[in-house]
Amino acid sequence: MSQAPALVWFRNDLRLEDNPALHAARACGAPVVALYVLDENLSYAPGAASRWWLHHSLKSLSEALEKAGASLVLRRGESAESVKSVIAETGASHVFWNRRYEGPLVDTDKALKAELHEQGVDVATFNGALLREPWEVKTKTGGAYSVFTPFWKALRNLGPARDPLPKIRKIKGADAISSDHLDDWGLLPYAPNWAKEFDGVWKPGEKGAQEQLKRFLTHIIEDYADQRDRPDFESTSRLSPHLAFGEISPVQIWRAIHTGMAAGAIGPNNGEKFLSEIAWREFSYNILFNNLTLVSQPLRQNFKDFPWREDEPAFKAWTRGMTGFPIVDAGMRQLWRTGWMHNRVRMIVASFLLKDLLIDWRKGEAWFRDTLVDADIANNAASWQWVAGSGADAAPYFRIFNPVTQGEKFDPDGDYVRCYVPELADLPKKFIHAPWTAPVSALEKAGITLGKTYPIPIIDHSVARKRALRCYDAIKGG
DNA sequence: TTTTGAGTTGTTCGA
DNA sequence: GTCGAACAACTCAAA
């Protein structure tokens with residue numbers, strides 16, 4: 001009789017390198033069954049853009065596993081049931097997975113672990129997604145941090161929980177069992193294929209993640225501290241979708257940056273700045289882990305009474321990049337076309353939705369969750385609440401972005417706007433962020449008719465700003 | 001226990 | 001064009 005196999009349940013950890021669950025399974029010496037379950041009824045099932053990414057990432061993982069000697073079993077259905085059924089089919093005696101931190105998913109995993117234990121199946125779980133577990137980073141009095149700076153200092157002192165684990169090249173695969181065909185899952189869009197530009201922009205999968213990290217370290221990080229707010233050229237790491245799907249781990253990133261800094265290849269300012277962004281991700285997970293309703297309820301109680309407006313036409317204009325504010329529209333169209341938006345522009349469009357339009361942050365959160373390839377429950381919810389002012393260490397009430405000023409400051413030549421709002425491409429740069437201020441002759445020359453070829457602004461920013469300040473005044477205190 | 005210093009990412013206005 | 005102050009008050013973390 002052959003040895004009972006070990007089951008590795010892959011979730012958002014679609015990589016072979018530095019994957020603690022996979023390593024442990026391999027170390028126990030049993031043949032390995034690799035499983036991915038698509039559970040479309042689970043809380044936080046992937047949005048449309050994430051489904052596109054997931055398809056390609058699973059394909060990449062499957063090929064990498066195949067090359068190492070194992071195959072990836074795909075199952076669709078209720079996650080715990082699917083795992084149990086694969087255990088029954090294979091006779092697996094051990095199960096390994098990397099932990100999740102989103103409230104309902106933690107419960108699912110805990111319940112399954114307990115049930116399997118009772119049936120005599122060994123379950124071992126690991127930290128594959130974070131530098132430190134949320135419960136490891138605590139204040140001196142044992143509480144969770146709610147201000148970023150002391151959190152970051154504490155995390156930096158602790159450092160990552162482990163050194164990166166080496167790449168796995170050989171795996172003893174278990175006997176084959178039936179698997180769904182990835183193409184049958186319908187993760188890719190068709191009719192219309194709105195993701196056709198994604199292929200040119202992204203390379204999902206572990207290999208793509210490593211290539212992007214390398215590209216970032218050799219060409220981009222050298223100006224990171226100064227240039228990271230510029231959306232008009234590649235100024236950021238673009239690792240977010242790879243991180244969201246666990247194609248690369250923060251431990252690997254930490255190591256790469258520290259190695260580079262020690263060798264003098266990465267300046268300390270740039271390295272530290274980038275690591276602090278990785279720390280923001282950890283901070284978000286920490287907040288979510290300690291606040292199960294982060295996605296649906298404001299962290300600060302007084303925001304329960306905030307007078308958000310219902311305004312479907314304005315929301316629709318925002319989602320389609322038709323607000324009449326070029327930097328906002330460029331961002332929303334970049335999101336639609338590529339599944340991603342530069343971080344600075346995310347803040348601008350979020351500030352516009354929340355403060356200019358007074359539309360509930362939950363509507364913005366849901367839109368981003370559906371359209372971003374890097375949609376991450378913790379980051380997304382924590383960041384929307386941060387801009388709203390209802391979150392941890394949040395923006396003060398008077399921080400209301402002026403979309404024209406922000407555009408001129410961070411897209412000084414208007415190249416970003418020209419790329420994503422081509423109908424404004426021929427407008428001189430002094431008008432590009434505020435076409436309504438351009439003289440008729442300049443508009444004519446650029447082939448623009450406001451209200452026809454490009455929208456008239458849907459709101460007067462200075463009026464909207466005052467209105468927002470009044471709303472924030474109404475809920476202040478508490 | 002009380003106190004103290006600090007807190008990612010802005011804008012506007014007036015000198 | 002440039003600069004500093006005002007925009008509030010609160011909460012957190014640590015001493």
# chains A, B, ... in the order shown; residues from 1 in each chain; ligands from 1
>>> residues_around(residues="DC3 of chain C", least_positions_apart="6", cutoff="12 Å", atoms="only C-alpha atoms (C1' of nucleotides)", output="ChimeraX atom specification")
/B:13-15
>>> interface_residues(of="chain A", to="chain B", cutoff="8 Å", atoms="only C-alpha atoms (C1' of nucleotides)", output="VMD selection string")
chain A and resid 147 344 393 398 to 402
>>> write_last_selection(atoms="C-alpha atoms", output="PDB file, in the first residue's frame")
ATOM      1  CA  VAL A 147      -1.719  54.676  14.193  1.00  0.00           C
ATOM      2  CA  ARG A 344      -1.787  58.876  -6.184  1.00  0.00           C
ATOM      3  CA  ASP A 393      -5.045  57.107  11.290  1.00  0.00           C
ATOM      4  CA  PHE A 398     -10.017  69.442   5.717  1.00  0.00           C
ATOM      5  CA  ARG A 399      -7.939  67.344   3.347  1.00  0.00           C
ATOM      6  CA  ILE A 400     -10.036  67.704   0.237  1.00  0.00           C
ATOM      7  CA  PHE A 401      -8.093  67.256  -2.967  1.00  0.00           C
ATOM      8  CA  ASN A 402      -8.488  69.866  -5.659  1.00  0.00           C
TER       9      ASN A 402
END
>>> residues_around(residues="Val106 of chain A", least_positions_apart="5", cutoff="12 Å", atoms="only C-alpha atoms (C1' of nucleotides)", output="list in words")
Leu42, Ser43, Asn98, Arg99, Arg100, Tyr101, Ala111, Leu112, Lys113, Thr125, Leu288, Phe289, Asn290 and Leu292 of chain A
>>> interface_residues(of="chain A", to="chain C", cutoff="12 Å", atoms="only C-alpha atoms (C1' of nucleotides)", output="compact mmCIF listing (two decimals) with N, CA and C atoms, in the first residue's frame")
# COMPACT_ATOMS: atom_id res chain seq x y z
N LYS A 138 2.02 44.26 18.48
CA LYS A 138 1.15 44.82 19.51
C LYS A 138 1.80 46.01 20.18
N THR A 139 0.99 46.88 20.75
CA THR A 139 1.52 48.00 21.54
C THR A 139 2.08 47.46 22.86
N LYS A 140 2.75 48.33 23.59
CA LYS A 140 3.36 47.91 24.86
C LYS A 140 2.32 47.39 25.84
N THR A 141 1.09 47.88 25.68
CA THR A 141 0.04 47.43 26.60
C THR A 141 -0.75 46.25 26.02
N GLY A 142 -0.26 45.73 24.90
CA GLY A 142 -0.87 44.51 24.38
C GLY A 142 -2.02 44.72 23.41
N GLY A 143 -2.32 45.98 23.08
CA GLY A 143 -3.42 46.25 22.15
C GLY A 143 -2.93 46.28 20.70
N ALA A 144 -3.89 46.41 19.79
CA ALA A 144 -3.55 46.52 18.37
C ALA A 144 -3.25 47.99 18.06
N TYR A 145 -2.29 48.23 17.21
CA TYR A 145 -1.97 49.60 16.80
C TYR A 145 -3.10 50.16 15.94
N SER A 146 -3.37 51.45 16.15
CA SER A 146 -4.31 52.10 15.24
C SER A 146 -3.72 53.36 14.62
N VAL A 147 -2.44 53.59 14.86
CA VAL A 147 -1.72 54.68 14.19
C VAL A 147 -0.55 54.04 13.44
N PHE A 148 -0.38 54.49 12.21
CA PHE A 148 0.58 53.80 11.36
C PHE A 148 2.03 53.90 11.85
N THR A 149 2.48 55.11 12.17
CA THR A 149 3.91 55.30 12.46
C THR A 149 4.44 54.39 13.58
N PRO A 150 3.79 54.36 14.73
CA PRO A 150 4.27 53.41 15.76
C PRO A 150 4.15 51.94 15.33
N PHE A 151 3.12 51.64 14.54
CA PHE A 151 3.00 50.28 14.01
C PHE A 151 4.22 49.93 13.16
N LYS A 153 7.18 51.32 13.17
CA LYS A 153 8.41 51.20 13.97
C LYS A 153 8.49 49.83 14.63
N ALA A 154 7.35 49.39 15.16
CA ALA A 154 7.33 48.09 15.85
C ALA A 154 7.60 46.96 14.85
N ARG A 300 -14.93 54.63 12.77
CA ARG A 300 -15.29 55.68 13.74
C ARG A 300 -16.81 55.81 13.81
N ALA A 392 -8.61 54.10 10.35
CA ALA A 392 -7.50 54.22 11.29
C ALA A 392 -6.50 55.24 10.76
N ASP A 393 -6.07 56.11 11.64
CA ASP A 393 -5.04 57.11 11.29
C ASP A 393 -5.47 57.89 10.05
N ALA A 394 -6.73 58.25 10.01
CA ALA A 394 -7.33 58.71 8.75
C ALA A 394 -7.01 60.17 8.42
N PRO A 396 -7.42 64.01 7.83
CA PRO A 396 -8.23 65.01 8.52
C PRO A 396 -9.33 65.55 7.62
N TYR A 397 -10.36 66.06 8.22
CA TYR A 397 -11.56 66.45 7.47
C TYR A 397 -11.26 67.50 6.39
N PHE A 398 -10.24 68.34 6.66
CA PHE A 398 -10.02 69.44 5.72
C PHE A 398 -9.14 69.04 4.54
N ARG A 399 -8.75 67.78 4.49
CA ARG A 399 -7.94 67.34 3.35
C ARG A 399 -8.86 66.95 2.20
N ILE A 400 -9.16 67.93 1.38
CA ILE A 400 -10.04 67.70 0.24
C ILE A 400 -9.22 68.04 -1.01
N LEU A 469 -17.14 70.39 3.74
CA LEU A 469 -16.71 70.88 5.07
C LEU A 469 -17.89 71.01 6.01
N TYR A 472 -18.78 67.50 7.24
CA TYR A 472 -17.83 67.01 8.25
C TYR A 472 -18.03 67.75 9.57
N ASP A 473 -18.41 69.01 9.46
CA ASP A 473 -18.67 69.79 10.67
C ASP A 473 -19.86 69.19 11.43
N LYS A 476 -18.76 66.20 13.62
CA LYS A 476 -17.48 66.26 14.36
C LYS A 476 -17.67 65.95 15.85
N GLY A 477 -16.57 65.50 16.45
CA GLY A 477 -16.62 65.07 17.85
C GLY A 477 -17.11 63.66 17.90
N GLY A 478 -16.42 62.83 18.59
CA GLY A 478 -16.80 61.42 18.65
C GLY A 478 -15.91 60.68 17.72
>>> atom_distance(atom1="atom CA of Arg362 of chain A", atom2="atom CA of Asn41 of chain A")
20.2 Å
>>> atom_distance(atom1="atom CA of Gly364 of chain A", atom2="atom CA of Met347 of chain A")
11.4 Å
>>> select_by_dssp(residues="segment 267-459 of chain A", states="alpha helix (DSSP H)", output="JSON, numbers by chain")
{"A": [268, 269, 270, 271, 272, 273, 274, 275, 276, 277, 278, 279, 280, 281, 282, 283, 284, 285, 286, 287, 288, 289, 290, 312, 313, 314, 315, 316, 317, 318, 319, 320, 326, 327, 328, 329, 330, 331, 332, 333, 334, 335, 336, 337, 338, 343, 344, 345, 346, 347, 348, 349, 350, 351, 361, 362, 363, 364, 365, 366, 367, 368, 369, 370, 371, 377, 378, 379, 380, 381, 382, 383, 384, 385, 386, 387, 388, 403, 404, 405, 406, 407, 408, 409, 410, 415, 416, 417, 418, 419, 420, 440, 441, 442, 443, 444, 445]}
>>> atom_distance(atom1="atom CA of Phe325 of chain A", atom2="atom CA of Asn343 of chain A")
17.6 Å
>>> residues_around(residues="Pro439 of chain A", least_positions_apart="6", cutoff="12 Å", atoms="only C-alpha atoms (C1' of nucleotides)", output="list in words")
Leu427, Pro428, Lys430, Phe431, Lys445, Ala446, Ile448, Thr449 and Leu450 of chain A
